[in-house]
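> What follows is a single structure, and I will ask about it in a moment.
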Amino acid sequence: MGVQRQVARAPALLHALAVVCAVCWALSARYVEGQSQTGQLRVDASPQNARKIPDKMFGIFFEEINHAGAGGLWAELVSNRGFEAGGPNTPSNIDPWLIIGDESSIIVGTDRTSCFARNPIALRMEVLCDSKRTNACPSGGVGVYNPGYWGMNIEKGKVYKVSMHIRSSDAVSLTVSLTSSDGRQKLSAHTITGSKKSFAKWTKIEFNLKSRQNNINSRLQLTTSKSGVIWLDQVSVMPLDTYMGHGFRKDLSLMLANLKPQFLKFPGGNYAMGNYLRNAFRWSETVGPWEERPGHFNDAWGYWTDDGLGFFEFLQLAEDLDASPVWVVNDGASLNEEVSTATIASLVKDVVDGIEFARGGPKTPWGSVRAAMGHPEPFNLDYVSIGNQECWMLYYRGNYQKFYSAIKAAYPEVNIISSCDRSTISPSNPADLYDVHVYTSSSNMFSRTSMFDNTPRSAPKAIVSEYAVTGNDAGKGTLVAALAEAAFLIGLERNSDVVEMASCAPLFVNDNDRRWSPDAIVFNSWQHYGCPNYWMLHFFKDSSGAALHPTNIEISDYDQLVASAITLQNAKDKSTYLRIKVVNFGNRAVDLNISVVGLANSIKMSGSKQTVLTSSSPLDENSFEQSEKVAPVSSPLANAKPQMGVSVRPYSLTSFDLLLEASEHASI
């Protein structure tokens, strides 16, 4: 997210405001019940007047916020797997790990005996009981368990890869189990055994567990009934069934893939900066074997990240989604600190090294690290964003010049994005793109459909990398917020000659850790749903690279309608459509006469459809219980023709997809 962060609001006040808003919306809707407007929408579909929308117009922005990655998109089930979250001083807090057994049978703590130099902390279990009657361990043994991120979702028949490092002062008999949250239901188990000699030094153990049952609130248990001292480190449980086999939670990844994003901006936001530089995202500490990654405290959003989801994984995700990666680099600034231009050189070199990691050949110093991770071919990193909206800070412009010059010298084809606005860009302060963030109320967002209408048509172009409706009527993701954002995106389509890219924020929220609302996708350990703005994005997923046509709306005494028209080609069957999108942000139905002129190909007699996103109240939201209360509904469009009358419902987003006769090209 941007530097200007939303702060937590008092829940009681929020609830009261939401109730007032709901009453106002309801009274407003009743006041015009039965009323409708009549309007005219003209579409010039002639090829000569069309303009191509940029190929990468609509994408996604991922930030590690709301446990979006740790305990979310990244499929690792163990929280604090390396025991580093409690800090470097030992003994330390091992949260969320908990102990099985009392102090008479086991003492658990941490020490600095790990075999990993960058991850010195290990868990030490001193088992005082044994299998003898004089000091017998309780039934099932003693040890530790990890509940994951608010419970592990373990599915019947699924296979989970378990990995850990073990050292022991004696012979080992350690049972590794996936169980219910109370430990009573055993889903799967494996016992690690070995002599004292076998585990005298740190030893990596890997095996698979196949679950016999379903349990959405499971935990990992490590138990023994053998006395002695056992050290554990880097304990991991990963499902084998992940998106593209690359470690991403499958259901959440498919939600992203279904949006057909053309770019993926990462890793933040404030997450890239940190409240303090010591907690900023450091790309080089997030690559290589996951056991060797030190992890870091995400102080911007208040939780530990093991950095299993690191720089390499972000690049891999972009490739898996067929999206262009957009890397937000730390430019020497946090929310509370800043490196001066006189001392910025080492950070500049670090970023250039990061680009080499992504783009360099497999025999280059950093490209060889990527190759060793299983990706010898370079990633297509063509966009680098210098910072996160901190143009106002003292050293930003001087530091930006250093980054720009060094990157362009090494990689002239990389597009560099400035955090400053367009007015600051000049030959002496160049940029390929400039970043824009928009967070505002629904009414103001709707009005910003014309935000770029008067922008000079010369370079550079904007990337609107963060936009969202916030405030009282945004809730946890309301219909009216989605409609306001849809109107804004229609404005960006219309101004895509000066806007190159756009993405909403935030993308994900774990329902157990809402640091920011609203968000596009809500999930917990075993289920998910899309908010209305997620479904709204589906109306724009075919716009990138499409042909934009001029439109004009005429309607008396009603300024709540915006529209756009594009020609697109369906990627699956190569069918060509003229898609007309209409946002009705008001409480009146509109009888709209659509007139299409200049079509190069006629409209087919059948095959056209209309899709509507609306609900009974503009403040309606989705939930786990009603995951598609506000979701698109499609139906055949029987009267599809160049001159047709349609009805546009109050508070709705509607697309009219007119199937055209075969054409070689759908865009220009």
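In the structure tokens, chains take the letters A, B, ... in the order shown, each chain's residues start at 1, and ligands count up from 1 in the order shown.
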I'd like the neighbourhood of A:Arg370 as a list in words, where a residue qualifies if any of its atoms comes within 9 Å (using only C-alpha atoms), though same-chain residues fewer than 3 positions away should be ignored.

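Contacts, with the query itself left out: Val287, Gly288, Phe312, Phe357, Ala358, Gly360, Pro362, Trp366, Gly367, Met373, Gly374, His375, Pro376, Glu377 and Pro378 of chain A.
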
> Using only C-alpha atoms, determine which residues lie at most 8 Å from stretch 156-166 of chain A, disregarding the query and same-chain residues fewer than 3 positions distant; provide the list as a PDB file with C-alpha atoms, in the first residue's frame.


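Written out: out-v8.pdb:
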```pdb
ATOM      1  CA  PHE A 199      21.651 -37.745  14.496  1.00  0.00           C
ATOM      2  CA  LYS A 201      25.043 -33.886  13.560  1.00  0.00           C
ATOM      3  CA  TRP A 202      22.284 -31.919  11.935  1.00  0.00           C
ATOM      4  CA  THR A 203      20.435 -34.176   9.500  1.00  0.00           C
ATOM      5  CA  LYS A 204      17.750 -33.239   7.007  1.00  0.00           C
ATOM      6  CA  ILE A 205      14.727 -35.547   6.949  1.00  0.00           C
ATOM      7  CA  GLU A 206      12.072 -35.505   4.232  1.00  0.00           C
ATOM      8  CA  PHE A 207       9.013 -37.699   3.734  1.00  0.00           C
ATOM      9  CA  ASN A 208       5.403 -37.540   2.585  1.00  0.00           C
ATOM     10  CA  LEU A 209       2.237 -37.833   4.628  1.00  0.00           C
ATOM     11  CA  LYS A 210      -1.052 -38.859   3.009  1.00  0.00           C
ATOM     12  CA  SER A 211      -4.123 -37.846   4.958  1.00  0.00           C
ATOM     13  CA  ARG A 212      -6.835 -40.378   5.769  1.00  0.00           C
ATOM     14  CA  GLN A 213      -9.449 -37.755   6.693  1.00  0.00           C
ATOM     15  CA  ASN A 214     -10.526 -34.168   6.120  1.00  0.00           C
ATOM     16  CA  ILE A 230      16.410 -33.206  20.478  1.00  0.00           C
ATOM     17  CA  TRP A 231      17.017 -30.098  18.422  1.00  0.00           C
ATOM     18  CA  LEU A 232      14.695 -29.175  15.549  1.00  0.00           C
ATOM     19  CA  ASP A 233      14.957 -26.548  12.839  1.00  0.00           C
ATOM     20  CA  GLN A 234      13.312 -25.488   9.571  1.00  0.00           C
ATOM     21  CA  VAL A 235      10.180 -27.601   9.958  1.00  0.00           C
ATOM     22  CA  SER A 236       8.016 -27.438   6.847  1.00  0.00           C
ATOM     23  CA  VAL A 237       4.755 -28.970   5.624  1.00  0.00           C
ATOM     24  CA  MET A 238       3.797 -28.237   2.027  1.00  0.00           C
ATOM     25  CA  PRO A 239       0.959 -29.751  -0.001  1.00  0.00           C
ATOM     26  CA  LEU A 240       2.268 -31.463  -3.116  1.00  0.00           C
ATOM     27  CA  ASP A 241      -0.703 -30.201  -5.106  1.00  0.00           C
TER      28      ASP A 241
END
```

> Excluding A:Val596 and its own-chain neighbours fewer than 5 positions away, which residues fall within 9 Å of it when counting only C-alpha atoms? Please give them as a compact mmCIF listing (two decimals) with all heavy atoms, in the first residue's frame.


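This went into part_21.txt:
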```txt
# COMPACT_ATOMS: atom_id res chain seq x y z
N LEU A 41 -27.09 5.96 -26.10
CA LEU A 41 -25.66 5.66 -26.13
C LEU A 41 -25.26 5.40 -27.57
O LEU A 41 -25.77 4.47 -28.21
CB LEU A 41 -25.34 4.43 -25.27
CG LEU A 41 -23.92 3.87 -25.37
CD1 LEU A 41 -22.88 4.91 -24.94
CD2 LEU A 41 -23.78 2.60 -24.55
N ARG A 42 -24.34 6.21 -28.08
CA ARG A 42 -23.85 6.05 -29.45
C ARG A 42 -22.44 5.48 -29.41
O ARG A 42 -21.59 5.96 -28.65
CB ARG A 42 -23.87 7.38 -30.18
CG ARG A 42 -25.28 7.91 -30.43
CD ARG A 42 -25.25 9.20 -31.24
NE ARG A 42 -26.61 9.64 -31.57
CZ ARG A 42 -27.35 10.41 -30.79
NH1 ARG A 42 -26.87 10.82 -29.62
NH2 ARG A 42 -28.58 10.76 -31.16
N VAL A 43 -22.21 4.47 -30.21
CA VAL A 43 -20.90 3.82 -30.31
C VAL A 43 -20.41 3.91 -31.75
O VAL A 43 -21.11 3.49 -32.67
CB VAL A 43 -20.98 2.33 -29.89
CG1 VAL A 43 -19.61 1.66 -30.04
CG2 VAL A 43 -21.50 2.20 -28.47
N ASP A 44 -19.22 4.50 -31.92
CA ASP A 44 -18.59 4.55 -33.24
C ASP A 44 -17.63 3.37 -33.33
O ASP A 44 -16.52 3.42 -32.81
CB ASP A 44 -17.84 5.87 -33.41
CG ASP A 44 -17.14 5.97 -34.76
OD1 ASP A 44 -17.18 4.99 -35.53
OD2 ASP A 44 -16.50 7.01 -35.01
N ALA A 45 -18.07 2.28 -33.96
CA ALA A 45 -17.28 1.06 -34.02
C ALA A 45 -16.42 0.97 -35.28
O ALA A 45 -15.88 -0.09 -35.59
CB ALA A 45 -18.20 -0.16 -33.94
N LYS A 641 -28.44 -6.13 -32.05
CA LYS A 641 -28.39 -5.52 -33.38
C LYS A 641 -27.83 -4.11 -33.24
O LYS A 641 -27.70 -3.59 -32.12
CB LYS A 641 -29.78 -5.48 -34.01
CG LYS A 641 -30.86 -4.87 -33.14
CD LYS A 641 -32.24 -5.08 -33.77
CE LYS A 641 -33.34 -4.53 -32.86
NZ LYS A 641 -34.69 -4.76 -33.43
N PRO A 642 -27.46 -3.47 -34.34
CA PRO A 642 -26.83 -2.14 -34.24
C PRO A 642 -27.70 -1.10 -33.54
O PRO A 642 -27.18 -0.19 -32.89
CB PRO A 642 -26.57 -1.77 -35.70
CG PRO A 642 -26.46 -3.08 -36.41
CD PRO A 642 -27.44 -3.98 -35.71
N GLN A 643 -29.01 -1.19 -33.69
CA GLN A 643 -29.93 -0.29 -33.00
C GLN A 643 -30.79 -1.14 -32.07
O GLN A 643 -31.58 -1.97 -32.54
CB GLN A 643 -30.83 0.46 -34.00
CG GLN A 643 -30.10 1.07 -35.18
CD GLN A 643 -29.22 2.23 -34.77
OE1 GLN A 643 -29.58 3.00 -33.87
NE2 GLN A 643 -28.07 2.37 -35.42
N MET A 644 -30.61 -0.95 -30.76
CA MET A 644 -31.38 -1.79 -29.84
C MET A 644 -31.67 -1.04 -28.55
O MET A 644 -30.91 -0.16 -28.13
CB MET A 644 -30.62 -3.09 -29.53
CG MET A 644 -29.28 -2.91 -28.88
SD MET A 644 -28.45 -4.51 -28.58
CE MET A 644 -26.98 -3.97 -27.70
```

> Report as an mmCIF file with all heavy atoms, in the first residue's frame all protein, DNA and RNA residues lying within 6 Å of stretch 386-395 of chain A, evaluated on only C-alpha atoms, omitting residues in the same chain fewer than 2 positions from it.


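Output contents, as saved in around.cif:
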```
data_model
loop_
_atom_site.group_PDB
_atom_site.id
_atom_site.type_symbol
_atom_site.label_atom_id
_atom_site.label_comp_id
_atom_site.auth_asym_id
_atom_site.auth_seq_id
_atom_site.Cartn_x
_atom_site.Cartn_y
_atom_site.Cartn_z
ATOM 1 N N GLY A 269 4.451 -1.378 -2.130
ATOM 2 C CA GLY A 269 3.793 -1.104 -0.908
ATOM 3 C C GLY A 269 4.734 -0.829 0.267
ATOM 4 O O GLY A 269 5.948 -0.832 0.184
ATOM 5 N N VAL A 329 11.293 -1.646 -5.914
ATOM 6 C CA VAL A 329 12.544 -1.777 -5.178
ATOM 7 C C VAL A 329 12.575 -0.792 -4.009
ATOM 8 O O VAL A 329 11.953 0.276 -4.053
ATOM 9 C CB VAL A 329 13.762 -1.537 -6.100
ATOM 10 C CG1 VAL A 329 13.713 -2.467 -7.297
ATOM 11 C CG2 VAL A 329 13.854 -0.080 -6.558
ATOM 12 N N ASN A 330 13.291 -1.186 -2.973
ATOM 13 C CA ASN A 330 13.530 -0.255 -1.874
ATOM 14 C C ASN A 330 14.611 0.723 -2.306
ATOM 15 O O ASN A 330 15.713 0.332 -2.689
ATOM 16 C CB ASN A 330 13.955 -1.009 -0.614
ATOM 17 C CG ASN A 330 14.112 -0.075 0.568
ATOM 18 O OD1 ASN A 330 15.104 0.647 0.677
ATOM 19 N ND2 ASN A 330 13.151 -0.066 1.462
ATOM 20 N N ASP A 331 14.291 1.990 -2.246
ATOM 21 C CA ASP A 331 15.200 3.023 -2.752
ATOM 22 C C ASP A 331 15.964 3.710 -1.632
ATOM 23 O O ASP A 331 16.433 4.836 -1.796
ATOM 24 C CB ASP A 331 14.409 4.057 -3.550
ATOM 25 C CG ASP A 331 13.298 4.697 -2.722
ATOM 26 O OD1 ASP A 331 13.123 4.298 -1.552
ATOM 27 O OD2 ASP A 331 12.600 5.591 -3.236
ATOM 28 N N SER A 340 20.851 8.897 2.644
ATOM 29 C CA SER A 340 21.191 10.092 1.869
ATOM 30 C C SER A 340 21.759 9.704 0.513
ATOM 31 O O SER A 340 22.282 8.597 0.318
ATOM 32 C CB SER A 340 22.208 10.944 2.626
ATOM 33 O OG SER A 340 23.480 10.306 2.642
ATOM 34 N N ARG A 397 14.556 12.341 -4.859
ATOM 35 C CA ARG A 397 14.886 12.717 -6.235
ATOM 36 C C ARG A 397 16.360 12.512 -6.539
ATOM 37 O O ARG A 397 16.721 12.044 -7.625
ATOM 38 C CB ARG A 397 14.459 14.163 -6.502
ATOM 39 C CG ARG A 397 12.953 14.351 -6.367
ATOM 40 C CD ARG A 397 12.480 15.690 -6.867
ATOM 41 N NE ARG A 397 11.084 15.905 -6.530
ATOM 42 C CZ ARG A 397 10.344 16.915 -6.969
ATOM 43 N NH1 ARG A 397 10.891 17.814 -7.780
ATOM 44 N NH2 ARG A 397 9.092 17.042 -6.607
ATOM 45 N N GLY A 398 17.202 12.824 -5.588
ATOM 46 C CA GLY A 398 18.632 12.580 -5.785
ATOM 47 C C GLY A 398 18.927 11.098 -5.874
ATOM 48 O O GLY A 398 19.711 10.650 -6.729
ATOM 49 N N ASN A 399 18.301 10.307 -5.008
ATOM 50 C CA ASN A 399 18.495 8.861 -5.040
ATOM 51 C C ASN A 399 17.921 8.258 -6.321
ATOM 52 O O ASN A 399 18.518 7.353 -6.924
ATOM 53 C CB ASN A 399 17.846 8.210 -3.820
ATOM 54 C CG ASN A 399 18.572 8.527 -2.530
ATOM 55 O OD1 ASN A 399 19.680 9.074 -2.549
ATOM 56 N ND2 ASN A 399 17.968 8.207 -1.404
ATOM 57 N N SER A 418 8.731 6.141 -11.873
ATOM 58 C CA SER A 418 9.009 7.136 -10.842
ATOM 59 C C SER A 418 7.853 7.227 -9.858
ATOM 60 O O SER A 418 6.685 7.068 -10.230
ATOM 61 C CB SER A 418 9.235 8.508 -11.480
ATOM 62 O OG SER A 418 9.298 9.529 -10.495
ATOM 63 N N SER A 419 8.183 7.503 -8.603
ATOM 64 C CA SER A 419 7.157 7.726 -7.581
ATOM 65 C C SER A 419 6.662 9.164 -7.574
ATOM 66 O O SER A 419 5.751 9.500 -6.815
ATOM 67 C CB SER A 419 7.703 7.373 -6.194
ATOM 68 O OG SER A 419 7.777 5.976 -6.024
ATOM 69 N N CYS A 420 7.269 10.017 -8.381
ATOM 70 C CA CYS A 420 6.841 11.419 -8.460
ATOM 71 C C CYS A 420 5.742 11.576 -9.503
ATOM 72 O O CYS A 420 5.594 10.734 -10.398
ATOM 73 C CB CYS A 420 8.019 12.312 -8.819
ATOM 74 S SG CYS A 420 9.305 12.377 -7.541
#
```

> Please determine, counting only C-alpha atoms, which residue among A:Arg293, A:Lys226, A:Lys402, A:Arg81 has the shortest atom-to-atom distance to A:Gly143.

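For A:Gly143, the nearest of the given residues is A:Lys226.
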
> Counting only C-alpha atoms, what is within 10 Å of A:Gly151, bar same-chain residues fewer than 6 positions away, as a PyMOL selection string?

chain A and resi 71+77-78+180-181+215-220+524-526

> I'd like the neighbourhood of A:Gly245 as a list of chain:residue names, where a residue qualifies if any of its atoms comes within 12 Å (using only C-alpha atoms), though same-chain residues fewer than 3 positions away should be ignored.

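After dropping sequence-adjacent residues, the list is A:Trp74, A:Ala75, A:Met238, A:Pro239, A:Leu240, A:Asp241, A:Thr242, A:Phe248, A:Arg249, A:Lys250, A:Ser253, A:Glu313, A:Gln316, A:Leu317, A:Asp320.
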
> Store the residues picked out above, limited to N, CA and C atoms, as a short mmCIF file (atom, residue, chain, number, x, y, z; two decimals), in the first residue's frame.


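Generated output (selection28.cif):
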```
data_model
loop_
_atom_site.label_atom_id
_atom_site.label_comp_id
_atom_site.auth_asym_id
_atom_site.auth_seq_id
_atom_site.Cartn_x
_atom_site.Cartn_y
_atom_site.Cartn_z
N TRP A 74 1.13 -18.31 -0.47
CA TRP A 74 2.21 -19.26 -0.33
C TRP A 74 1.71 -20.43 0.51
N ALA A 75 1.85 -21.65 -0.01
CA ALA A 75 1.12 -22.79 0.54
C ALA A 75 1.77 -23.42 1.76
N MET A 238 4.32 -28.84 3.26
CA MET A 238 3.80 -28.24 2.03
C MET A 238 2.93 -29.25 1.29
N PRO A 239 1.74 -28.85 0.86
CA PRO A 239 0.96 -29.75 0.00
C PRO A 239 1.69 -29.98 -1.32
N LEU A 240 1.64 -31.19 -1.82
CA LEU A 240 2.27 -31.46 -3.12
C LEU A 240 1.47 -30.85 -4.26
N ASP A 241 0.18 -30.72 -4.06
CA ASP A 241 -0.70 -30.20 -5.11
C ASP A 241 -0.78 -28.68 -4.99
N THR A 242 0.12 -28.00 -5.70
CA THR A 242 0.13 -26.53 -5.70
C THR A 242 0.03 -26.03 -7.14
N PHE A 248 2.41 -22.43 -4.77
CA PHE A 248 1.34 -21.46 -4.53
C PHE A 248 0.02 -22.19 -4.28
N ARG A 249 -0.72 -21.69 -3.31
CA ARG A 249 -2.01 -22.30 -3.00
C ARG A 249 -2.90 -22.28 -4.24
N LYS A 250 -3.41 -23.43 -4.58
CA LYS A 250 -4.03 -23.61 -5.90
C LYS A 250 -5.31 -22.80 -6.07
N SER A 253 -4.54 -19.08 -6.38
CA SER A 253 -3.84 -18.79 -7.63
C SER A 253 -4.80 -18.80 -8.81
N GLU A 313 10.17 -16.44 -6.16
CA GLU A 313 8.79 -16.93 -6.24
C GLU A 313 7.86 -15.90 -6.87
N GLN A 316 8.47 -16.17 -10.48
CA GLN A 316 7.88 -17.42 -10.96
C GLN A 316 6.36 -17.30 -11.08
N LEU A 317 5.74 -16.67 -10.11
CA LEU A 317 4.28 -16.49 -10.15
C LEU A 317 3.88 -15.66 -11.36
N ASP A 320 4.08 -17.87 -14.31
CA ASP A 320 2.99 -18.85 -14.31
C ASP A 320 1.66 -18.23 -14.73
#
```

> Counting only C-alpha atoms, which residue out of A:Lys604, A:Ser105, A:Gln401, A:Arg448 sits closest to A:Ser131?

A:Ser105

> As a VMD selection string, please: every residue in stretch 205-313 of chain A that a backbone DSSP assignment puts in alpha helix (DSSP H).

chain A and resid 250 to 257 270 to 273 311 to 313

> Mind running stretch 577-615 of chain A against stretch 652-664 of chain A at 8 Å and telling me each contacting residue's nearest atom pair with the distance in Å (one decimal), counting only C-alpha atoms, chain and number ascending, as CSV?


```
residue,atom,partner,partner_atom,distance
A:Tyr577,CA,A:Leu659,CA,4.6
A:Leu578,CA,A:Leu658,CA,5.0
A:Arg579,CA,A:Asp657,CA,4.4
A:Ile580,CA,A:Phe656,CA,5.1
A:Lys581,CA,A:Ser655,CA,4.3
A:Val582,CA,A:Thr654,CA,5.3
A:Val583,CA,A:Leu653,CA,4.5
A:Asn584,CA,A:Ser652,CA,5.3
A:Phe585,CA,A:Ser652,CA,6.8
A:Asn601,CA,A:Glu661,CA,5.6
A:Ser602,CA,A:Leu660,CA,5.7
A:Ile603,CA,A:Leu660,CA,4.4
A:Lys604,CA,A:Leu660,CA,5.5
A:Ser606,CA,A:Leu659,CA,7.5
A:Gly607,CA,A:Leu659,CA,5.9
A:Ser608,CA,A:Leu658,CA,4.7
A:Lys609,CA,A:Asp657,CA,5.3
A:Gln610,CA,A:Phe656,CA,4.5
A:Thr611,CA,A:Ser655,CA,5.2
A:Val612,CA,A:Thr654,CA,4.4
A:Leu613,CA,A:Leu653,CA,5.1
A:Thr614,CA,A:Ser652,CA,4.7
A:Ser615,CA,A:Ser652,CA,7.8
```

> Skip A:Arg588 itself and residues of its chain fewer than 6 positions away, then list as a ChimeraX atom specification all residues within 7 Å of it, counting only C-alpha atoms.

/A:32,35-37,650
